[in-house]
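One file, my_file.txt, carrying compact mmCIF, C-alpha atoms:
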```txt
# COMPACT_ATOMS: atom_id res chain seq x y z
CA MET A 26 -121.54 59.24 -13.41
CA THR A 27 -122.38 57.78 -9.96
CA TYR A 28 -124.59 55.08 -11.51
CA LEU A 29 -121.93 54.26 -14.09
CA TYR A 30 -119.19 53.85 -11.48
CA ALA A 31 -121.59 51.88 -9.24
CA ALA A 32 -122.33 49.42 -12.08
CA TYR A 33 -118.65 48.95 -13.01
CA ALA A 34 -117.61 48.65 -9.34
CA ALA A 35 -120.40 46.12 -8.64
CA THR A 36 -119.26 44.03 -11.64
CA TRP A 37 -115.67 43.81 -10.36
CA VAL A 38 -116.67 43.33 -6.71
CA ILE A 39 -118.79 40.30 -7.74
CA HIS A 40 -116.00 38.88 -9.93
CA ILE A 41 -113.30 39.42 -7.30
CA ALA A 42 -115.49 37.90 -4.56
CA TYR A 43 -116.08 34.83 -6.74
CA LEU A 44 -112.39 34.51 -7.66
CA GLY A 45 -111.59 34.81 -3.93
CA SER A 46 -114.00 31.95 -3.18
CA LEU A 47 -112.26 29.82 -5.86
CA VAL A 48 -108.83 30.54 -4.32
CA ARG A 49 -110.15 29.60 -0.84
CA ARG A 50 -111.55 26.32 -2.16
CA TYR A 51 -108.24 25.54 -3.94
CA THR A 52 -106.29 26.24 -0.73
CA ARG A 53 -108.60 23.97 1.30
CA LEU A 54 -108.24 21.17 -1.27
CA ARG A 55 -104.46 21.52 -1.32
CA LYS A 56 -104.42 21.09 2.48
CA GLU A 57 -106.57 17.97 2.18
CA ILE A 58 -104.21 16.58 -0.48
CA GLU A 59 -101.22 17.25 1.80
CA GLU A 60 -102.97 15.44 4.66
CA LEU A 61 -103.73 12.49 2.40
CA ALA A 62 -100.11 12.38 1.23
CA LYS A 63 -98.91 12.23 4.86
CA LYS A 64 -100.93 9.06 5.56
CA MET B 8 -103.73 24.17 -21.09
CA LYS B 9 -102.04 24.20 -17.66
CA ARG B 10 -98.91 25.84 -19.11
CA ALA B 11 -100.81 28.22 -21.35
CA PHE B 12 -103.12 29.35 -18.52
CA PRO B 13 -100.89 32.16 -17.09
CA ILE B 14 -100.33 33.56 -20.61
CA LEU B 15 -104.05 33.38 -21.41
CA ALA B 16 -104.85 35.00 -18.05
CA LEU B 17 -102.43 37.86 -18.78
CA LEU B 18 -103.85 38.33 -22.28
CA THR B 19 -107.41 38.36 -20.89
CA ALA B 20 -106.42 40.90 -18.20
CA ALA B 21 -104.88 43.10 -20.93
CA LEU B 22 -108.02 42.73 -23.06
CA LEU B 23 -110.28 43.60 -20.10
CA SER B 24 -108.16 46.68 -19.33
CA TYR B 25 -108.30 47.73 -22.98
CA GLY B 26 -112.06 47.14 -22.95
CA LEU B 27 -112.44 49.31 -19.84
CA TYR B 28 -110.43 52.08 -21.51
CA GLN B 29 -112.54 51.83 -24.66
CA ALA B 30 -115.79 51.89 -22.66
CA LEU B 31 -114.92 54.79 -20.35
CA VAL B 32 -112.62 56.97 -22.48
CA VAL B 33 -112.80 56.25 -26.22
CA ALA B 34 -116.52 55.52 -26.79
CA PRO B 35 -118.50 58.75 -27.21
CA THR B 36 -121.18 59.81 -24.74
CA GLU B 37 -124.67 58.81 -25.88
CA LYS B 38 -126.88 61.87 -26.54
CA THR B 39 -130.09 61.00 -24.65
CA MET B 40 -128.87 58.80 -21.79
CA GLY B 41 -125.46 60.35 -21.23
CA ASP B 42 -122.65 58.47 -19.48
CA VAL B 43 -125.00 55.94 -17.89
CA GLN B 44 -125.31 54.29 -21.33
CA ARG B 45 -121.71 53.05 -20.85
CA ILE B 46 -123.12 50.41 -18.48
CA PHE B 47 -124.20 48.70 -21.73
CA TYR B 48 -120.50 47.77 -22.39
CA TYR B 49 -120.51 45.57 -19.27
CA HIS B 50 -124.19 44.59 -19.08
CA VAL B 51 -124.56 43.06 -22.56
CA PRO B 52 -121.20 41.16 -22.63
CA SER B 53 -122.06 39.75 -19.16
CA ALA B 54 -125.45 38.57 -20.47
CA TRP B 55 -123.79 37.05 -23.54
CA THR B 56 -121.17 35.22 -21.42
CA ALA B 57 -123.86 33.93 -19.03
CA GLY B 58 -125.82 32.63 -22.05
CA VAL B 59 -122.74 30.90 -23.50
CA LEU B 60 -121.93 29.28 -20.13
CA PHE B 61 -125.52 28.07 -19.65
CA PHE B 62 -125.36 26.61 -23.16
CA VAL B 63 -122.10 24.81 -22.22
CA ASN B 64 -123.95 23.49 -19.15
CA PHE B 65 -126.76 22.28 -21.44
CA VAL B 66 -124.40 20.43 -23.82
CA ALA B 67 -122.37 18.94 -20.93
CA SER B 68 -125.62 17.79 -19.26
CA ILE B 69 -126.74 16.03 -22.45
CA VAL B 70 -123.33 14.35 -22.78
CA TYR B 71 -123.54 13.25 -19.13
CA LEU B 72 -127.05 11.81 -19.58
CA ALA B 73 -126.04 10.00 -22.78
CA ARG B 74 -122.65 8.63 -21.69
CA ARG B 75 -122.51 9.05 -17.88
CA ASN B 76 -119.23 10.89 -18.44
CA THR B 77 -118.15 12.34 -15.07
CA LYS B 78 -115.93 14.98 -16.69
CA ALA B 79 -118.96 16.27 -18.61
CA ASP B 80 -120.81 16.44 -15.29
CA ALA B 81 -117.90 18.39 -13.74
CA LEU B 82 -117.96 20.80 -16.70
CA ALA B 83 -121.73 21.22 -16.30
CA VAL B 84 -121.31 22.25 -12.64
CA ALA B 85 -118.47 24.64 -13.47
CA ALA B 86 -120.34 26.30 -16.35
CA ALA B 87 -123.53 26.68 -14.28
CA GLU B 88 -121.72 28.27 -11.33
CA VAL B 89 -119.73 30.76 -13.44
CA GLY B 90 -122.86 31.43 -15.52
CA VAL B 91 -124.75 32.36 -12.35
CA VAL B 92 -121.96 34.85 -11.47
CA PHE B 93 -122.30 36.55 -14.87
CA CYS B 94 -126.11 36.44 -14.69
CA THR B 95 -125.93 38.09 -11.24
CA ILE B 96 -123.93 40.92 -12.81
CA VAL B 97 -126.65 41.31 -15.46
CA LEU B 98 -129.32 41.52 -12.74
CA VAL B 99 -127.27 44.07 -10.76
CA THR B 100 -126.08 46.34 -13.58
CA GLY B 101 -129.51 46.37 -15.28
CA PRO B 102 -131.35 48.07 -12.39
CA ILE B 103 -128.41 50.49 -11.86
CA TRP B 104 -128.90 51.55 -15.50
CA ALA B 105 -132.72 51.58 -15.20
CA ARG B 106 -132.86 53.89 -12.14
CA PRO B 107 -131.64 57.08 -13.91
CA VAL B 108 -133.12 56.17 -17.33
CA TRP B 109 -136.57 54.74 -16.41
CA GLY B 110 -136.83 56.32 -12.96
CA ILE B 111 -137.29 52.89 -11.35
CA TRP B 112 -134.91 50.13 -10.26
CA TRP B 113 -137.09 47.26 -11.43
CA THR B 114 -140.26 46.51 -13.36
CA TRP B 115 -141.92 43.15 -14.01
CA ASP B 116 -141.17 43.47 -17.70
CA LEU B 117 -141.01 40.16 -19.65
CA ARG B 118 -137.26 40.31 -20.42
CA LEU B 119 -136.36 41.24 -16.83
CA THR B 120 -138.68 38.65 -15.29
CA LEU B 121 -137.45 35.85 -17.58
CA THR B 122 -133.83 36.75 -16.76
CA LEU B 123 -134.64 36.57 -13.05
CA VAL B 124 -136.35 33.19 -13.64
CA LEU B 125 -133.24 31.99 -15.53
CA TRP B 126 -131.03 33.04 -12.60
CA LEU B 127 -133.37 31.27 -10.12
CA ILE B 128 -133.33 28.07 -12.21
CA TYR B 129 -129.52 27.91 -12.16
CA VAL B 130 -129.32 28.89 -8.48
CA SER B 131 -131.72 26.01 -7.72
CA TYR B 132 -129.53 23.76 -9.93
CA LEU B 133 -126.49 24.68 -7.80
CA LEU B 134 -128.44 24.24 -4.54
CA LEU B 135 -129.61 20.82 -5.71
CA ARG B 136 -126.02 19.82 -6.41
CA ARG B 137 -124.82 21.25 -3.10
CA PHE B 138 -127.41 19.78 -0.73
CA SER B 139 -128.81 16.63 -2.35
CA THR B 140 -127.22 13.46 -0.98
CA SER B 141 -128.94 11.16 -3.46
CA GLY B 142 -126.79 9.12 -5.82
CA GLN B 143 -129.08 10.32 -8.61
CA THR B 144 -128.19 14.01 -8.06
CA PRO B 145 -126.09 14.42 -11.26
CA VAL B 146 -128.93 12.89 -13.35
CA LEU B 147 -131.61 15.07 -11.72
CA ALA B 148 -129.40 18.16 -12.09
CA ALA B 149 -128.73 17.36 -15.76
CA VAL B 150 -132.47 17.08 -16.45
CA LEU B 151 -133.10 20.37 -14.63
CA ALA B 152 -130.31 22.01 -16.65
CA ILE B 153 -131.81 20.84 -19.96
CA PHE B 154 -135.23 22.30 -19.06
CA GLY B 155 -133.57 25.42 -17.63
CA THR B 156 -131.87 26.09 -20.95
CA LEU B 157 -135.29 26.45 -22.59
CA ASP B 158 -135.53 29.82 -20.82
CA ILE B 159 -132.51 31.23 -22.73
CA PRO B 160 -134.26 31.62 -26.14
CA LEU B 161 -137.32 32.99 -24.29
CA VAL B 162 -135.11 35.65 -22.65
CA TYR B 163 -133.46 36.50 -25.97
CA PHE B 164 -136.57 36.64 -28.16
CA SER B 165 -138.85 38.26 -25.56
CA ILE B 166 -137.94 41.74 -26.82
CA TRP B 167 -138.52 40.72 -30.44
CA PHE B 168 -141.95 39.14 -30.09
CA PHE B 169 -143.49 41.05 -27.18
CA ARG B 170 -143.88 44.70 -26.29
CA THR B 171 -141.43 45.20 -23.45
CA GLN B 172 -139.89 48.13 -21.65
CA HIS B 173 -136.39 46.70 -22.17
CA PRO B 174 -134.52 48.50 -25.00
CA GLN B 175 -134.66 46.89 -28.44
CA PRO B 176 -131.30 45.66 -29.80
CA VAL B 177 -129.29 48.41 -31.52
CA ILE B 178 -126.80 45.96 -33.04
CA GLY B 179 -128.56 43.72 -35.57
CA GLY B 180 -131.87 45.37 -34.84
CA GLY B 181 -131.80 47.95 -37.60
CA GLY B 182 -130.49 50.82 -35.47
CA SER B 183 -127.34 52.84 -36.16
CA ILE B 184 -124.38 53.01 -33.78
CA ASP B 185 -121.15 55.04 -33.71
CA PRO B 186 -118.20 52.84 -34.85
CA ARG B 187 -116.28 53.71 -31.64
CA MET B 188 -119.22 52.45 -29.57
CA LEU B 189 -119.35 49.30 -31.67
CA HIS B 190 -115.59 48.80 -31.20
CA ALA B 191 -115.84 49.26 -27.40
CA PHE B 192 -118.75 46.83 -27.32
CA PHE B 193 -117.01 44.07 -29.30
CA VAL B 194 -113.73 44.44 -27.37
CA ASN B 195 -115.65 43.96 -24.11
CA LEU B 196 -117.69 41.11 -25.61
CA VAL B 197 -114.49 39.23 -26.52
CA ALA B 198 -112.80 40.15 -23.21
CA PHE B 199 -115.75 38.95 -21.09
CA THR B 200 -116.08 35.75 -23.14
CA CYS B 201 -112.35 34.97 -22.64
CA PHE B 202 -112.61 35.84 -18.94
CA GLY B 203 -115.68 33.62 -18.52
CA ALA B 204 -113.93 30.74 -20.32
CA LEU B 205 -110.83 31.06 -18.10
CA VAL B 206 -112.84 31.22 -14.86
CA CYS B 207 -114.95 28.25 -16.03
CA TRP B 208 -111.77 26.29 -16.81
CA SER B 209 -110.40 27.05 -13.30
CA ARG B 210 -113.68 25.99 -11.72
CA TYR B 211 -113.69 22.81 -13.83
CA ARG B 212 -110.15 21.92 -12.66
CA LEU B 213 -111.22 22.58 -9.08
CA GLU B 214 -114.26 20.30 -9.48
CA VAL B 215 -112.19 17.47 -11.01
CA LEU B 216 -109.60 17.81 -8.22
CA ARG B 217 -112.33 17.87 -5.53
CA ARG B 218 -113.83 14.64 -6.87
CA GLU B 219 -110.39 12.98 -6.98
CA VAL B 220 -109.74 13.99 -3.36
CA GLU B 221 -113.18 12.71 -2.28
CA GLU B 222 -112.59 9.38 -4.03
CA THR B 223 -109.15 9.03 -2.40
CA GLN B 224 -110.60 9.89 1.02
CA ALA B 225 -113.35 7.28 0.52
CA LEU B 226 -110.75 4.66 -0.45
CA GLU B 227 -108.62 5.60 2.58
CA SER B 228 -111.61 5.15 4.88
CA LEU B 229 -112.39 1.76 3.33
CA LEU B 230 -108.79 0.63 3.76
CA GLU B 231 -108.77 1.83 7.39
CA VAL B 232 -111.96 -0.15 8.11
CA ARG B 233 -110.49 -3.27 6.43
CA ASN B 234 -107.19 -3.00 8.30
CA SER B 235 -108.93 -2.53 11.65
CA ARG B 236 -110.80 -5.87 11.26
```

What do you get writing this file as C-alpha cells?
Amino acid sequence: MTYLYAAYAATWVIHIAYLGSLVRRYTRLRKEIEELAKK
Amino acid sequence: MKRAFPILALLTAALLSYGLYQALVVAPTEKTMGDVQRIFYYHVPSAWTAGVLFFVNFVASIVYLARRNTKADALAVAAAEVGVVFCTIVLVTGPIWARPVWGIWWTWDLRLTLTLVLWLIYVSYLLLRRFSTSGQTPVLAAVLAIFGTLDIPLVYFSIWFFRTQHPQPVIGGGGSIDPRMLHAFFVNLVAFTCFGALVCWSRYRLEVLRREVEETQALESLLEVRNSR
C-alpha cells in the first residue's frame, strides 16, 4: 500500500505545485496590470 | 468559457473525487500485483492526457507556422507546459509501480526510454521558449514541437512492435478485465482529460494576458521615450 499511496500523493503534489505556480504568475500579472492602470 | 469555468472546475473536481473513490475502493484488487496495480488508474490517464496535450501543441504549432496566428502560438505553449506536467507524473508513478513489481525503479526499456525522450523534448521546447531572445523563437519552437510529436506514436507502438518489459495493453490488447476495473479506468481517463483541458485553458488565458501586458509595457516605454524628447 505504501507504493500506491506514494504514487497517488506524488500525482497530487505535482498538480498542486503546478497550480500554485499558475496562481503566483496570475497574481504577479494582476499587479503589473494595476501598475499600468495607475500610469 | 469564462462564466462556465467555475462550473466546469467543480464538475471536474467531482469527477476526480469519484475517480479516486472508484480506483481505491470500488475496483477489485488485482490477483498477482495486489493493490499496487491501482497506480494504473492514475498512470495511464496521465499518459493519455499528456499525449492529447502534446497533440494539441502539434496542431497549434502547425497553425502558427501556416498563419502566424499568435493565439495558436499561445495555445502551443500552454499545451506543452501542461503536457510536461502530466508526462512528469507518468515518469514518477511508473517507477513507483515498477519497484515492487519488477524489483527495480527503472530499466532502459524502449517504452520507458522513449517516454523519457518525449519529456526531454518538451522540456527543451519550454526552455527554448523561456530563454531564447531571438524574434524567431516561436517559429523555431513550432518546428521543434512538430518533430517532437513524432515521438508520440513511437512511444505508443513500442510495446506492440518490440519486445519490451513494459506491460502489454490489457484494454484493446486481447486481455480480459473486470468491469469494475474498466469503469474505474474510464472514469479516471475522462476526469484527467477534463482536468488537463481546464488547466491548459487557464494556462492559455495566462499566456494571452502576459503577452497583452508585455505589449502594453512596450508601448508605454515607447511613449515615455517620445515624450521625453

Within 9 Å of Phe202 in chain B, counting all atoms listed in the file, which residues qualify if same-chain residues fewer than 2 places away don't, as a PyMOL selection string? chain B and resi 16+19-20+23+56+197-200+204-207

Counting only C-alpha atoms, the residue of B:Leu123, B:Leu117, B:Leu230, B:Ile69 that sits nearest Phe168 in chain B: B:Leu117

Sorted per-residue table, chain B near chain A, closest atoms and distance, 7 Å, all atoms listed in the file, as JSON lines:
```
{"residue": "B:Asp42", "atom": "CA", "partner": "A:Met26", "partner_atom": "CA", "distance": 6.2}
{"residue": "B:Val43", "atom": "CA", "partner": "A:Leu29", "partner_atom": "CA", "distance": 5.2}
{"residue": "B:Arg45", "atom": "CA", "partner": "A:Leu29", "partner_atom": "CA", "distance": 6.9}
{"residue": "B:Ile46", "atom": "CA", "partner": "A:Leu29", "partner_atom": "CA", "distance": 6.0}
{"residue": "B:Ile96", "atom": "CA", "partner": "A:Thr36", "partner_atom": "CA", "distance": 5.7}
{"residue": "B:Thr100", "atom": "CA", "partner": "A:Ala32", "partner_atom": "CA", "distance": 5.1}
{"residue": "B:Ile103", "atom": "CA", "partner": "A:Tyr28", "partner_atom": "CA", "distance": 6.0}
{"residue": "B:Trp104", "atom": "CA", "partner": "A:Tyr28", "partner_atom": "CA", "distance": 6.9}
{"residue": "B:Leu213", "atom": "CA", "partner": "A:Tyr51", "partner_atom": "CA", "distance": 6.6}
{"residue": "B:Arg217", "atom": "CA", "partner": "A:Leu54", "partner_atom": "CA", "distance": 6.8}
{"residue": "B:Val220", "atom": "CA", "partner": "A:Ile58", "partner_atom": "CA", "distance": 6.8}
```

How about saving the chosen residues, C-alpha atoms kept, as an mmCIF file, in the frame of the given file?
```cif
data_model
loop_
_atom_site.group_PDB
_atom_site.id
_atom_site.type_symbol
_atom_site.label_atom_id
_atom_site.label_comp_id
_atom_site.auth_asym_id
_atom_site.auth_seq_id
_atom_site.Cartn_x
_atom_site.Cartn_y
_atom_site.Cartn_z
ATOM 1 C CA ASP B 42 -122.650 58.470 -19.480
ATOM 2 C CA VAL B 43 -125.000 55.940 -17.890
ATOM 3 C CA ARG B 45 -121.710 53.050 -20.850
ATOM 4 C CA ILE B 46 -123.120 50.410 -18.480
ATOM 5 C CA ILE B 96 -123.930 40.920 -12.810
ATOM 6 C CA THR B 100 -126.080 46.340 -13.580
ATOM 7 C CA ILE B 103 -128.410 50.490 -11.860
ATOM 8 C CA TRP B 104 -128.900 51.550 -15.500
ATOM 9 C CA LEU B 213 -111.220 22.580 -9.080
ATOM 10 C CA ARG B 217 -112.330 17.870 -5.530
ATOM 11 C CA VAL B 220 -109.740 13.990 -3.360
#
```

Polymer residues at most 10 Å from Ala86 in chain B, only C-alpha atoms, same-chain spacing of 3 or more positions, as a list of chain:residue names: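 With the cut-off at 10 Å, the set is B:Ala57, B:Val59, B:Leu60, B:Phe61, B:Phe62, B:Val63, B:Asn64, B:Phe65, B:Ala67, B:Asp80, B:Ala81, B:Leu82, B:Ala83, B:Val89, B:Gly90, B:Val91, B:Val92, B:Gly203, B:Ala204, B:Val206, B:Cys207, B:Trp208, B:Arg210, B:Tyr211.
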
To one decimal in Å, tell me the separation between CA of Phe47 in chain B and CA of Ile14 in chain B.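 Spanning CA of Phe47 in chain B to CA of Ile14 in chain B is a straight-line distance of 28.3 Å.
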
Which value, in Å to one decimal, gives the distance between CA of Tyr71 in chain B and CA of Ala149 in chain B?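 Between CA of Tyr71 in chain B and CA of Ala149 in chain B the gap works out to 7.4 Å.
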
Between CA of Leu161 in chain B and CA of Tyr129 in chain B, measure the distance and give it in Å to one decimal. 15.3 Å

Could you tell me, as number ranges by chain, which residues have any atom at most 12 Å from (-109.9, 50.6, -30.1), counting all atoms listed in the file? B: 22, 24-34, 186-195

Using the file's own x, y and z axes, so that the box edges lie along x, y and z, what centre and edge lengths in Å (one decimal) does a box around every listed atom of range 35-49 of chain A get when 4 Å is added on each side? Give it as AutoDock Vina command-line options.
```
--center_x -114.6 --center_y 37.9 --center_z -6.2 --size_x 19.6 --size_y 24.5 --size_z 18.8
```

Under the rule that only C-alpha atoms are counted, which of B:Leu98, B:Gln143, B:Asp158, B:Gln172 is the nearest residue to Trp115 in chain B?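 That would be B:Gln172, the residue with the smallest distance to Trp115 in chain B.
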
Subset file: range 191-221 of chain B, N, CA and C atoms, as a JSON list (two decimals), in the first residue's frame:
```json
[["chain", "number", "residue", "atom", "x", "y", "z"],
["B", 191, "ALA", "N", -13.56, 2.06, -13.36],
["B", 191, "ALA", "CA", -12.64, 2.96, -12.63],
["B", 191, "ALA", "C", -11.64, 3.61, -13.59],
["B", 192, "PHE", "N", -11.17, 2.80, -14.54],
["B", 192, "PHE", "CA", -10.20, 3.31, -15.51],
["B", 192, "PHE", "C", -10.80, 4.41, -16.38],
["B", 193, "PHE", "N", -12.00, 4.16, -16.93],
["B", 193, "PHE", "CA", -12.60, 5.15, -17.84],
["B", 193, "PHE", "C", -13.03, 6.42, -17.10],
["B", 194, "VAL", "N", -13.51, 6.26, -15.85],
["B", 194, "VAL", "CA", -13.88, 7.45, -15.07],
["B", 194, "VAL", "C", -12.64, 8.33, -14.88],
["B", 195, "ASN", "N", -11.52, 7.72, -14.52],
["B", 195, "ASN", "CA", -10.28, 8.48, -14.33],
["B", 195, "ASN", "C", -9.75, 9.04, -15.64],
["B", 196, "LEU", "N", -9.94, 8.29, -16.72],
["B", 196, "LEU", "CA", -9.49, 8.77, -18.04],
["B", 196, "LEU", "C", -10.23, 10.07, -18.41],
["B", 197, "VAL", "N", -11.57, 10.04, -18.21],
["B", 197, "VAL", "CA", -12.38, 11.24, -18.52],
["B", 197, "VAL", "C", -12.02, 12.37, -17.55],
["B", 198, "ALA", "N", -11.90, 12.03, -16.26],
["B", 198, "ALA", "CA", -11.60, 13.06, -15.24],
["B", 198, "ALA", "C", -10.26, 13.73, -15.51],
["B", 199, "PHE", "N", -9.23, 12.94, -15.83],
["B", 199, "PHE", "CA", -7.90, 13.52, -16.10],
["B", 199, "PHE", "C", -7.90, 14.34, -17.39],
["B", 200, "THR", "N", -8.67, 13.87, -18.39],
["B", 200, "THR", "CA", -8.74, 14.63, -19.65],
["B", 200, "THR", "C", -9.39, 15.99, -19.41],
["B", 201, "CYS", "N", -10.51, 16.00, -18.64],
["B", 201, "CYS", "CA", -11.20, 17.26, -18.32],
["B", 201, "CYS", "C", -10.28, 18.16, -17.51],
["B", 202, "PHE", "N", -9.59, 17.58, -16.52],
["B", 202, "PHE", "CA", -8.68, 18.35, -15.68],
["B", 202, "PHE", "C", -7.56, 18.97, -16.52],
["B", 203, "GLY", "N", -6.99, 18.17, -17.40],
["B", 203, "GLY", "CA", -5.92, 18.64, -18.29],
["B", 203, "GLY", "C", -6.40, 19.78, -19.18],
["B", 204, "ALA", "N", -7.64, 19.64, -19.70],
["B", 204, "ALA", "CA", -8.20, 20.67, -20.58],
["B", 204, "ALA", "C", -8.41, 21.97, -19.81],
["B", 205, "LEU", "N", -8.91, 21.87, -18.57],
["B", 205, "LEU", "CA", -9.15, 23.07, -17.76],
["B", 205, "LEU", "C", -7.84, 23.77, -17.39],
["B", 206, "VAL", "N", -6.84, 22.99, -16.99],
["B", 206, "VAL", "CA", -5.54, 23.59, -16.62],
["B", 206, "VAL", "C", -4.91, 24.22, -17.86],
["B", 207, "CYS", "N", -5.03, 23.55, -19.01],
["B", 207, "CYS", "CA", -4.48, 24.09, -20.26],
["B", 207, "CYS", "C", -5.18, 25.40, -20.62],
["B", 208, "TRP", "N", -6.50, 25.44, -20.44],
["B", 208, "TRP", "CA", -7.26, 26.66, -20.73],
["B", 208, "TRP", "C", -6.78, 27.81, -19.82],
["B", 209, "SER", "N", -6.58, 27.51, -18.53],
["B", 209, "SER", "CA", -6.10, 28.54, -17.58],
["B", 209, "SER", "C", -4.73, 29.04, -17.99],
["B", 210, "ARG", "N", -3.86, 28.12, -18.39],
["B", 210, "ARG", "CA", -2.51, 28.48, -18.80],
["B", 210, "ARG", "C", -2.53, 29.30, -20.09],
["B", 211, "TYR", "N", -3.47, 28.96, -20.98],
["B", 211, "TYR", "CA", -3.63, 29.70, -22.23],
["B", 211, "TYR", "C", -4.06, 31.14, -21.94],
["B", 212, "ARG", "N", -5.04, 31.31, -21.04],
["B", 212, "ARG", "CA", -5.51, 32.64, -20.67],
["B", 212, "ARG", "C", -4.36, 33.45, -20.06],
["B", 213, "LEU", "N", -3.58, 32.79, -19.23],
["B", 213, "LEU", "CA", -2.43, 33.44, -18.59],
["B", 213, "LEU", "C", -1.43, 33.92, -19.64],
["B", 214, "GLU", "N", -1.18, 33.06, -20.65],
["B", 214, "GLU", "CA", -0.22, 33.38, -21.70],
["B", 214, "GLU", "C", -0.70, 34.57, -22.54],
["B", 215, "VAL", "N", -2.00, 34.56, -22.88],
["B", 215, "VAL", "CA", -2.58, 35.66, -23.67],
["B", 215, "VAL", "C", -2.47, 36.96, -22.88],
["B", 216, "LEU", "N", -2.82, 36.89, -21.60],
["B", 216, "LEU", "CA", -2.77, 38.07, -20.71],
["B", 216, "LEU", "C", -1.33, 38.59, -20.57],
["B", 217, "ARG", "N", -0.38, 37.66, -20.42],
["B", 217, "ARG", "CA", 1.04, 38.03, -20.27],
["B", 217, "ARG", "C", 1.52, 38.78, -21.51],
["B", 218, "ARG", "N", 1.13, 38.30, -22.68],
["B", 218, "ARG", "CA", 1.54, 38.94, -23.94],
["B", 218, "ARG", "C", 0.92, 40.34, -24.06],
["B", 219, "GLU", "N", -0.35, 40.46, -23.64],
["B", 219, "GLU", "CA", -1.02, 41.76, -23.69],
["B", 219, "GLU", "C", -0.32, 42.76, -22.77],
["B", 220, "VAL", "N", 0.05, 42.29, -21.57],
["B", 220, "VAL", "CA", 0.74, 43.16, -20.61],
["B", 220, "VAL", "C", 2.10, 43.58, -21.17],
["B", 221, "GLU", "N", 2.82, 42.63, -21.76],
["B", 221, "GLU", "CA", 4.15, 42.93, -22.33],
["B", 221, "GLU", "C", 4.04, 43.95, -23.47]]
```
